[in-house]
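my_file-v7.cif (mmCIF, N, CA and C atoms)
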```
data_upload
loop_
_atom_site.label_atom_id
_atom_site.label_comp_id
_atom_site.auth_asym_id
_atom_site.auth_seq_id
_atom_site.Cartn_x
_atom_site.Cartn_y
_atom_site.Cartn_z
N MET E 1 -106.97 -86.16 30.90
CA MET E 1 -107.40 -85.41 29.76
C MET E 1 -107.27 -83.92 30.06
N ALA E 2 -106.79 -83.19 29.12
CA ALA E 2 -106.65 -81.75 29.29
C ALA E 2 -108.01 -81.07 29.08
N ASP E 3 -108.08 -79.80 29.42
CA ASP E 3 -109.33 -79.10 29.16
C ASP E 3 -109.57 -79.01 27.67
N SER E 4 -110.82 -78.83 27.28
CA SER E 4 -111.18 -78.91 25.87
C SER E 4 -110.66 -77.75 25.04
N SER E 5 -110.20 -76.67 25.68
CA SER E 5 -109.72 -75.52 24.89
C SER E 5 -108.38 -75.83 24.22
N GLY E 6 -107.51 -76.60 24.85
CA GLY E 6 -106.19 -76.89 24.27
C GLY E 6 -106.06 -78.31 23.75
N TRP E 7 -107.09 -79.10 23.89
CA TRP E 7 -107.02 -80.51 23.49
C TRP E 7 -107.13 -80.64 21.98
N GLN E 8 -106.36 -81.54 21.42
CA GLN E 8 -106.44 -81.86 19.99
C GLN E 8 -106.67 -83.35 19.85
N PRO E 9 -107.36 -83.79 18.80
CA PRO E 9 -107.52 -85.23 18.59
C PRO E 9 -106.16 -85.90 18.43
N PRO E 10 -106.04 -87.17 18.82
CA PRO E 10 -104.76 -87.87 18.71
C PRO E 10 -104.23 -87.93 17.28
N ARG E 11 -105.12 -87.94 16.32
CA ARG E 11 -104.76 -87.95 14.90
C ARG E 11 -105.58 -86.89 14.20
N PRO E 12 -105.09 -86.38 13.08
CA PRO E 12 -105.95 -85.47 12.31
C PRO E 12 -107.15 -86.23 11.75
N CYS E 13 -108.23 -85.54 11.50
CA CYS E 13 -109.44 -86.18 10.97
C CYS E 13 -109.16 -86.86 9.63
N GLU E 14 -108.26 -86.31 8.86
CA GLU E 14 -107.92 -86.91 7.57
C GLU E 14 -107.33 -88.32 7.76
N ALA E 15 -106.62 -88.54 8.85
CA ALA E 15 -106.06 -89.87 9.13
C ALA E 15 -107.17 -90.88 9.40
N TYR E 16 -108.21 -90.46 10.14
CA TYR E 16 -109.34 -91.36 10.39
C TYR E 16 -110.08 -91.66 9.09
N ARG E 17 -110.22 -90.64 8.24
CA ARG E 17 -110.89 -90.85 6.95
C ARG E 17 -110.09 -91.79 6.07
N ALA E 18 -108.77 -91.65 6.05
CA ALA E 18 -107.93 -92.52 5.25
C ALA E 18 -107.99 -93.97 5.75
N GLU E 19 -107.98 -94.16 7.07
CA GLU E 19 -108.08 -95.51 7.63
C GLU E 19 -109.43 -96.14 7.30
N TRP E 20 -110.49 -95.36 7.38
CA TRP E 20 -111.82 -95.87 7.06
C TRP E 20 -111.92 -96.23 5.59
N LYS E 21 -111.38 -95.38 4.74
CA LYS E 21 -111.40 -95.64 3.30
C LYS E 21 -110.59 -96.90 2.97
N LEU E 22 -109.42 -97.05 3.59
CA LEU E 22 -108.60 -98.25 3.38
C LEU E 22 -109.33 -99.49 3.86
N CYS E 23 -109.97 -99.40 5.01
CA CYS E 23 -110.67 -100.55 5.58
C CYS E 23 -111.80 -101.02 4.66
N ARG E 24 -112.43 -100.08 3.96
CA ARG E 24 -113.55 -100.41 3.08
C ARG E 24 -113.09 -100.84 1.69
N SER E 25 -111.82 -100.74 1.38
CA SER E 25 -111.35 -101.06 0.03
C SER E 25 -111.44 -102.56 -0.24
N ALA E 26 -111.58 -102.90 -1.51
CA ALA E 26 -111.69 -104.30 -1.91
C ALA E 26 -110.41 -105.07 -1.59
N ARG E 27 -109.29 -104.44 -1.81
CA ARG E 27 -108.01 -105.10 -1.55
C ARG E 27 -107.88 -105.47 -0.06
N HIS E 28 -108.21 -104.52 0.80
CA HIS E 28 -108.12 -104.79 2.24
C HIS E 28 -109.13 -105.87 2.64
N PHE E 29 -110.34 -105.79 2.08
CA PHE E 29 -111.36 -106.79 2.38
C PHE E 29 -110.85 -108.19 2.04
N LEU E 30 -110.32 -108.35 0.84
CA LEU E 30 -109.83 -109.67 0.41
C LEU E 30 -108.68 -110.15 1.28
N HIS E 31 -107.74 -109.25 1.56
CA HIS E 31 -106.60 -109.64 2.40
C HIS E 31 -107.06 -110.04 3.80
N HIS E 32 -107.91 -109.22 4.41
CA HIS E 32 -108.38 -109.50 5.77
C HIS E 32 -109.19 -110.80 5.80
N TYR E 33 -110.02 -111.00 4.81
CA TYR E 33 -110.82 -112.23 4.77
C TYR E 33 -109.93 -113.45 4.59
N TYR E 34 -108.90 -113.32 3.77
CA TYR E 34 -107.98 -114.44 3.55
C TYR E 34 -107.20 -114.76 4.81
N VAL E 35 -106.71 -113.76 5.49
CA VAL E 35 -105.88 -113.97 6.68
C VAL E 35 -106.70 -114.37 7.89
N HIS E 36 -107.82 -113.69 8.14
CA HIS E 36 -108.58 -113.90 9.38
C HIS E 36 -109.86 -114.70 9.20
N GLY E 37 -110.31 -114.88 7.97
CA GLY E 37 -111.52 -115.65 7.73
C GLY E 37 -112.81 -114.92 8.06
N GLU E 38 -112.74 -113.61 8.18
CA GLU E 38 -113.93 -112.83 8.49
C GLU E 38 -113.81 -111.45 7.85
N ARG E 39 -114.94 -110.77 7.75
CA ARG E 39 -114.94 -109.43 7.17
C ARG E 39 -114.24 -108.46 8.12
N PRO E 40 -113.55 -107.45 7.59
CA PRO E 40 -112.93 -106.47 8.49
C PRO E 40 -113.98 -105.60 9.15
N ALA E 41 -113.74 -105.22 10.38
CA ALA E 41 -114.66 -104.35 11.12
C ALA E 41 -114.22 -102.91 10.92
N CYS E 42 -114.95 -102.19 10.08
CA CYS E 42 -114.59 -100.80 9.75
C CYS E 42 -115.43 -99.79 10.52
N GLU E 43 -116.38 -100.26 11.28
CA GLU E 43 -117.31 -99.36 11.96
C GLU E 43 -116.60 -98.43 12.95
N GLN E 44 -115.57 -98.92 13.64
CA GLN E 44 -114.88 -98.09 14.61
C GLN E 44 -114.18 -96.91 13.93
N TRP E 45 -113.62 -97.13 12.76
CA TRP E 45 -112.98 -96.03 12.03
C TRP E 45 -114.02 -94.98 11.63
N ARG E 46 -115.22 -95.43 11.23
CA ARG E 46 -116.27 -94.50 10.86
C ARG E 46 -116.72 -93.69 12.08
N ARG E 47 -116.87 -94.37 13.22
CA ARG E 47 -117.25 -93.65 14.45
C ARG E 47 -116.18 -92.65 14.85
N ASP E 48 -114.92 -93.04 14.73
CA ASP E 48 -113.83 -92.12 15.07
C ASP E 48 -113.81 -90.91 14.14
N LEU E 49 -114.06 -91.14 12.87
CA LEU E 49 -114.12 -90.03 11.92
C LEU E 49 -115.26 -89.09 12.28
N ALA E 50 -116.42 -89.64 12.60
CA ALA E 50 -117.57 -88.81 12.98
C ALA E 50 -117.28 -88.04 14.26
N SER E 51 -116.63 -88.69 15.23
CA SER E 51 -116.29 -88.02 16.49
C SER E 51 -115.28 -86.90 16.25
N CYS E 52 -114.31 -87.16 15.40
CA CYS E 52 -113.30 -86.15 15.10
C CYS E 52 -113.93 -84.93 14.44
N ARG E 53 -114.80 -85.19 13.48
CA ARG E 53 -115.48 -84.06 12.82
C ARG E 53 -116.40 -83.32 13.78
N ASP E 54 -117.06 -84.07 14.67
CA ASP E 54 -117.91 -83.45 15.68
C ASP E 54 -117.07 -82.57 16.61
N TRP E 55 -115.88 -83.06 16.96
CA TRP E 55 -114.99 -82.28 17.81
C TRP E 55 -114.57 -80.99 17.09
N GLU E 56 -114.21 -81.10 15.83
CA GLU E 56 -113.77 -79.91 15.09
C GLU E 56 -114.89 -78.88 14.94
N GLU E 57 -116.12 -79.35 14.75
CA GLU E 57 -117.24 -78.43 14.52
C GLU E 57 -117.81 -77.87 15.81
N ARG E 58 -118.00 -78.72 16.83
CA ARG E 58 -118.73 -78.30 18.02
C ARG E 58 -117.93 -78.34 19.32
N ARG E 59 -116.72 -78.91 19.27
CA ARG E 59 -115.91 -79.10 20.50
C ARG E 59 -116.69 -79.92 21.52
N SER E 60 -117.32 -80.99 21.02
CA SER E 60 -118.17 -81.83 21.85
C SER E 60 -117.34 -82.67 22.84
N ALA E 61 -117.77 -82.65 24.10
CA ALA E 61 -117.08 -83.44 25.13
C ALA E 61 -117.27 -84.93 24.88
N GLU E 62 -118.45 -85.33 24.35
CA GLU E 62 -118.68 -86.74 24.05
C GLU E 62 -117.74 -87.23 22.95
N ALA E 63 -117.52 -86.38 21.96
CA ALA E 63 -116.61 -86.74 20.87
C ALA E 63 -115.19 -86.87 21.39
N GLN E 64 -114.79 -85.96 22.27
CA GLN E 64 -113.45 -86.02 22.85
C GLN E 64 -113.28 -87.32 23.64
N GLN E 65 -114.26 -87.66 24.45
CA GLN E 65 -114.19 -88.88 25.25
C GLN E 65 -114.16 -90.11 24.36
N SER E 66 -114.96 -90.12 23.31
CA SER E 66 -115.01 -91.25 22.39
C SER E 66 -113.67 -91.47 21.70
N LEU E 67 -113.04 -90.39 21.24
CA LEU E 67 -111.74 -90.51 20.58
C LEU E 67 -110.67 -91.00 21.55
N CYS E 68 -110.67 -90.48 22.77
CA CYS E 68 -109.69 -90.92 23.76
C CYS E 68 -109.84 -92.40 24.08
N GLU E 69 -111.07 -92.85 24.28
CA GLU E 69 -111.30 -94.27 24.58
C GLU E 69 -110.91 -95.16 23.41
N SER E 70 -111.21 -94.72 22.21
CA SER E 70 -110.87 -95.50 21.02
C SER E 70 -109.37 -95.66 20.87
N GLU E 71 -108.63 -94.57 21.06
CA GLU E 71 -107.18 -94.64 20.94
C GLU E 71 -106.58 -95.49 22.06
N ARG E 72 -107.12 -95.38 23.26
CA ARG E 72 -106.62 -96.23 24.36
C ARG E 72 -106.85 -97.71 24.05
N ALA E 73 -108.01 -98.02 23.48
CA ALA E 73 -108.30 -99.41 23.12
C ALA E 73 -107.33 -99.91 22.05
N ARG E 74 -106.98 -99.05 21.08
CA ARG E 74 -106.02 -99.44 20.05
C ARG E 74 -104.65 -99.71 20.64
N VAL E 75 -104.24 -98.86 21.58
CA VAL E 75 -102.93 -99.05 22.23
C VAL E 75 -102.94 -100.34 23.05
N ARG E 76 -104.01 -100.59 23.79
CA ARG E 76 -104.10 -101.83 24.57
C ARG E 76 -104.06 -103.05 23.66
N ALA E 77 -104.77 -103.00 22.54
CA ALA E 77 -104.78 -104.14 21.61
C ALA E 77 -103.41 -104.36 21.01
N ALA E 78 -102.67 -103.30 20.74
CA ALA E 78 -101.33 -103.45 20.17
C ALA E 78 -100.35 -104.00 21.20
N ARG E 79 -100.54 -103.66 22.46
CA ARG E 79 -99.62 -104.10 23.51
C ARG E 79 -99.89 -105.52 23.99
N LYS E 80 -101.08 -106.05 23.71
CA LYS E 80 -101.40 -107.38 24.25
C LYS E 80 -100.66 -108.50 23.54
N HIS E 81 -100.12 -108.22 22.36
CA HIS E 81 -99.38 -109.24 21.63
C HIS E 81 -97.95 -109.30 22.15
N ILE E 82 -97.56 -110.45 22.67
CA ILE E 82 -96.22 -110.59 23.21
C ILE E 82 -95.25 -111.01 22.12
N LEU E 83 -93.99 -110.84 22.37
CA LEU E 83 -92.97 -111.26 21.43
C LEU E 83 -92.95 -112.78 21.33
N VAL E 84 -92.79 -113.29 20.13
CA VAL E 84 -92.73 -114.73 19.93
C VAL E 84 -91.34 -115.24 20.31
N TRP E 85 -90.33 -114.50 19.91
CA TRP E 85 -88.95 -114.89 20.18
C TRP E 85 -88.40 -114.05 21.31
N ALA E 86 -87.67 -114.70 22.21
CA ALA E 86 -87.03 -113.96 23.29
C ALA E 86 -85.73 -113.34 22.75
N PRO E 87 -85.53 -112.05 22.94
CA PRO E 87 -84.30 -111.43 22.46
C PRO E 87 -83.07 -111.99 23.18
N ARG E 88 -82.01 -112.19 22.45
CA ARG E 88 -80.77 -112.71 23.05
C ARG E 88 -79.99 -111.59 23.72
N GLN E 89 -79.28 -111.96 24.75
CA GLN E 89 -78.39 -111.02 25.41
C GLN E 89 -77.00 -111.08 24.80
N SER E 90 -76.64 -112.25 24.25
CA SER E 90 -75.34 -112.43 23.61
C SER E 90 -75.48 -113.56 22.58
N PRO E 91 -74.55 -113.63 21.62
CA PRO E 91 -74.64 -114.71 20.63
C PRO E 91 -74.31 -116.06 21.26
N PRO E 92 -74.72 -117.16 20.60
CA PRO E 92 -74.36 -118.47 21.14
C PRO E 92 -72.84 -118.65 21.14
N PRO E 93 -72.31 -119.49 22.03
CA PRO E 93 -70.85 -119.62 22.14
C PRO E 93 -70.20 -120.20 20.87
N ASP E 94 -70.93 -120.97 20.09
CA ASP E 94 -70.33 -121.58 18.90
C ASP E 94 -70.79 -120.90 17.60
N TRP E 95 -71.08 -119.64 17.65
CA TRP E 95 -71.62 -118.95 16.48
C TRP E 95 -70.63 -118.88 15.33
N HIS E 96 -69.35 -118.92 15.62
CA HIS E 96 -68.33 -118.77 14.59
C HIS E 96 -67.97 -120.09 13.89
N LEU E 97 -68.43 -121.21 14.40
CA LEU E 97 -68.10 -122.50 13.79
C LEU E 97 -68.89 -122.71 12.51
N PRO E 98 -68.35 -123.50 11.56
CA PRO E 98 -69.09 -123.78 10.33
C PRO E 98 -70.37 -124.57 10.63
N LEU E 99 -71.36 -124.39 9.78
CA LEU E 99 -72.62 -125.11 9.95
C LEU E 99 -72.43 -126.58 9.59
N PRO E 100 -73.16 -127.48 10.24
CA PRO E 100 -73.05 -128.89 9.89
C PRO E 100 -73.56 -129.12 8.47
N GLN E 101 -72.89 -129.98 7.75
CA GLN E 101 -73.25 -130.27 6.36
C GLN E 101 -74.41 -131.26 6.33
N GLU E 102 -75.15 -131.21 5.25
CA GLU E 102 -76.26 -132.15 5.05
C GLU E 102 -75.70 -133.57 4.92
N LYS E 103 -76.40 -134.56 5.43
CA LYS E 103 -75.95 -135.94 5.36
C LYS E 103 -76.06 -136.51 3.96
N ASP E 104 -76.96 -135.95 3.13
CA ASP E 104 -77.16 -136.47 1.78
C ASP E 104 -76.03 -136.07 0.84
N GLU E 105 -75.26 -135.09 1.15
CA GLU E 105 -74.21 -134.63 0.23
C GLU E 105 -72.99 -135.48 0.22
#
```
Take the structure I supplied and represent it as C-alpha cells, if you would.
Amino acid sequence: MADSSGWQPPRPCEAYRAEWKLCRSARHFLHHYYVHGERPACEQWRRDLASCRDWEERRSAEAQQSLCESERARVRAARKHILVWAPRQSPPPDWHLPLPQEKDE
C-alpha cells in the first residue's frame, strides 16, 4: 500500500454507489433470487461506499485498509472459478469432414 497522500480508492465512490443501488434494485433481487435461491448480499457495497466517502472526507487509514481488503477479496473470488472447458491448442484432425447425418432422416 502506498502512503495515504498519493493513494486513491480502487474505484471512484460513484462506482460503489452505483453497485449498491443496483444490488438493492428489484430487478437484481429477483434475478439473484431466481439464480441462487437467496437474497443478494448488498451490505459489502454499502460498507465500501461508506469507506470511500470516509476516505474522501477524512483520509482515514481504516477506510483505506477496508477498501483494499474488500477489493482483494473480490479479486480472489473472481479468480477462484476455474475454466469449465480446456482451451484447445489446435483443431481436431477431422474438423473439415462433414458432420454425420441423423439416423432418422
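Among the candidates E:Glu62, E:Asp48, E:Glu43, E:Glu38, the one nearest to E:Cys13 when counting all atoms listed in the file is E:Asp48.
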#### Entry: Between atom C of E:Trp45 and atom N of E:Ala15, distance in Å (one decimal)
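Separating atom C of E:Trp45 from atom N of E:Ala15 is a distance of 10.2 Å.
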### Task
Identify, with DSSP run on backbone atoms, the residues in chain E assigned to helix (DSSP H, G or I), and express the list as an MDAnalysis selection string.
chainID E and resid 13:24 26:36 43:58 61:79
### Query
With distances taken over only C-alpha atoms, which of E:Tyr34, E:Lys80, E:Arg17, E:Pro12 is nearest to E:Leu49?
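Distance minimum relative to E:Leu49 lands on E:Arg17.
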### Residue contacts of E:Ser25 (12 Å, only C-alpha atoms) excluding same-chain residues fewer than 6 positions away, as an MDAnalysis selection string
chainID E and resid 18:19 31:32 39:40 42
Expected file: the selected residues, N, CA and C atoms, as a compact mmCIF listing (two decimals), in the coordinates of the input:
```
# COMPACT_ATOMS: atom_id res chain seq x y z
N ALA E 18 -108.77 -91.65 6.05
CA ALA E 18 -107.93 -92.52 5.25
C ALA E 18 -107.99 -93.97 5.75
N GLU E 19 -107.98 -94.16 7.07
CA GLU E 19 -108.08 -95.51 7.63
C GLU E 19 -109.43 -96.14 7.30
N HIS E 31 -107.74 -109.25 1.56
CA HIS E 31 -106.60 -109.64 2.40
C HIS E 31 -107.06 -110.04 3.80
N HIS E 32 -107.91 -109.22 4.41
CA HIS E 32 -108.38 -109.50 5.77
C HIS E 32 -109.19 -110.80 5.80
N ARG E 39 -114.94 -110.77 7.75
CA ARG E 39 -114.94 -109.43 7.17
C ARG E 39 -114.24 -108.46 8.12
N PRO E 40 -113.55 -107.45 7.59
CA PRO E 40 -112.93 -106.47 8.49
C PRO E 40 -113.98 -105.60 9.15
N CYS E 42 -114.95 -102.19 10.08
CA CYS E 42 -114.59 -100.80 9.75
C CYS E 42 -115.43 -99.79 10.52
```
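Of the residues listed (E:Ala78, E:Cys68, E:Ala73, E:Val84), E:Cys68 shows the shortest atom-to-atom separation from E:Gln8; distances use only C-alpha atoms.
Put simply, atom N of E:Trp20 is 8.8 Å away from atom N of E:Gln44.
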### Task
Work out how far apart atom CA of E:Tyr33 and atom C of E:Ser51 are and give it in Å to one decimal.
28.2 Å
Got a minute to add all heavy atoms to stretch 29-40 of chain E and dump it as a compact mmCIF listing (two decimals), keeping the file's coordinate frame?
```txt
# COMPACT_ATOMS: atom_id res chain seq x y z
N PHE E 29 -110.34 -105.79 2.08
CA PHE E 29 -111.36 -106.79 2.38
C PHE E 29 -110.85 -108.19 2.04
O PHE E 29 -110.94 -109.11 2.86
CB PHE E 29 -112.65 -106.50 1.62
CG PHE E 29 -113.67 -107.59 1.78
CD1 PHE E 29 -114.50 -107.62 2.88
CD2 PHE E 29 -113.79 -108.60 0.83
CE1 PHE E 29 -115.43 -108.63 3.05
CE2 PHE E 29 -114.72 -109.62 0.98
CZ PHE E 29 -115.55 -109.63 2.10
N LEU E 30 -110.32 -108.35 0.84
CA LEU E 30 -109.83 -109.67 0.41
C LEU E 30 -108.68 -110.15 1.28
O LEU E 30 -108.62 -111.32 1.69
CB LEU E 30 -109.42 -109.65 -1.06
CG LEU E 30 -110.58 -109.47 -2.04
CD1 LEU E 30 -110.05 -109.28 -3.45
CD2 LEU E 30 -111.53 -110.65 -1.98
N HIS E 31 -107.74 -109.25 1.56
CA HIS E 31 -106.60 -109.64 2.40
C HIS E 31 -107.06 -110.04 3.80
O HIS E 31 -106.65 -111.08 4.33
CB HIS E 31 -105.59 -108.49 2.48
CG HIS E 31 -104.48 -108.75 3.45
ND1 HIS E 31 -103.46 -109.62 3.16
CD2 HIS E 31 -104.25 -108.29 4.69
CE1 HIS E 31 -102.63 -109.67 4.20
NE2 HIS E 31 -103.10 -108.86 5.13
N HIS E 32 -107.91 -109.22 4.41
CA HIS E 32 -108.38 -109.50 5.77
C HIS E 32 -109.19 -110.80 5.80
O HIS E 32 -109.04 -111.60 6.72
CB HIS E 32 -109.22 -108.33 6.28
CG HIS E 32 -109.48 -108.38 7.74
ND1 HIS E 32 -110.50 -109.11 8.29
CD2 HIS E 32 -108.84 -107.81 8.78
CE1 HIS E 32 -110.49 -108.98 9.60
NE2 HIS E 32 -109.49 -108.19 9.92
N TYR E 33 -110.02 -111.00 4.81
CA TYR E 33 -110.82 -112.23 4.77
C TYR E 33 -109.93 -113.45 4.59
O TYR E 33 -110.15 -114.50 5.20
CB TYR E 33 -111.86 -112.14 3.65
CG TYR E 33 -112.90 -113.23 3.74
CD1 TYR E 33 -113.95 -113.13 4.64
CD2 TYR E 33 -112.81 -114.36 2.94
CE1 TYR E 33 -114.89 -114.13 4.75
CE2 TYR E 33 -113.76 -115.37 3.04
CZ TYR E 33 -114.80 -115.24 3.94
OH TYR E 33 -115.73 -116.24 4.04
N TYR E 34 -108.90 -113.32 3.77
CA TYR E 34 -107.98 -114.44 3.55
C TYR E 34 -107.20 -114.76 4.81
O TYR E 34 -107.06 -115.92 5.19
CB TYR E 34 -107.01 -114.09 2.41
CG TYR E 34 -106.00 -115.16 2.13
CD1 TYR E 34 -106.34 -116.30 1.42
CD2 TYR E 34 -104.70 -115.05 2.58
CE1 TYR E 34 -105.42 -117.30 1.16
CE2 TYR E 34 -103.77 -116.04 2.33
CZ TYR E 34 -104.12 -117.16 1.62
OH TYR E 34 -103.21 -118.13 1.38
N VAL E 35 -106.71 -113.76 5.49
CA VAL E 35 -105.88 -113.97 6.68
C VAL E 35 -106.70 -114.37 7.89
O VAL E 35 -106.35 -115.31 8.61
CB VAL E 35 -105.06 -112.70 6.99
CG1 VAL E 35 -104.35 -112.81 8.32
CG2 VAL E 35 -104.06 -112.43 5.88
N HIS E 36 -107.82 -113.69 8.14
CA HIS E 36 -108.58 -113.90 9.38
C HIS E 36 -109.86 -114.70 9.20
O HIS E 36 -110.47 -115.10 10.19
CB HIS E 36 -108.92 -112.55 10.02
CG HIS E 36 -107.71 -111.73 10.35
ND1 HIS E 36 -106.88 -112.00 11.40
CD2 HIS E 36 -107.18 -110.65 9.73
CE1 HIS E 36 -105.90 -111.13 11.44
NE2 HIS E 36 -106.05 -110.29 10.44
N GLY E 37 -110.31 -114.88 7.97
CA GLY E 37 -111.52 -115.65 7.73
C GLY E 37 -112.81 -114.92 8.06
O GLY E 37 -113.85 -115.54 8.22
N GLU E 38 -112.74 -113.61 8.18
CA GLU E 38 -113.93 -112.83 8.49
C GLU E 38 -113.81 -111.45 7.85
O GLU E 38 -112.73 -111.04 7.45
CB GLU E 38 -114.13 -112.67 9.99
CG GLU E 38 -112.98 -111.98 10.67
CD GLU E 38 -113.09 -111.99 12.19
OE1 GLU E 38 -113.79 -112.84 12.74
OE2 GLU E 38 -112.46 -111.12 12.80
N ARG E 39 -114.94 -110.77 7.75
CA ARG E 39 -114.94 -109.43 7.17
C ARG E 39 -114.24 -108.46 8.12
O ARG E 39 -114.36 -108.60 9.34
CB ARG E 39 -116.36 -108.96 6.94
CG ARG E 39 -117.12 -109.80 5.95
CD ARG E 39 -118.54 -109.36 5.88
NE ARG E 39 -118.56 -107.94 5.55
CZ ARG E 39 -119.44 -107.36 4.76
NH1 ARG E 39 -120.41 -108.07 4.26
NH2 ARG E 39 -119.37 -106.09 4.50
N PRO E 40 -113.55 -107.45 7.59
CA PRO E 40 -112.93 -106.47 8.49
C PRO E 40 -113.98 -105.60 9.15
O PRO E 40 -115.03 -105.30 8.55
CB PRO E 40 -112.04 -105.65 7.55
CG PRO E 40 -112.59 -105.83 6.20
CD PRO E 40 -113.24 -107.19 6.19
```
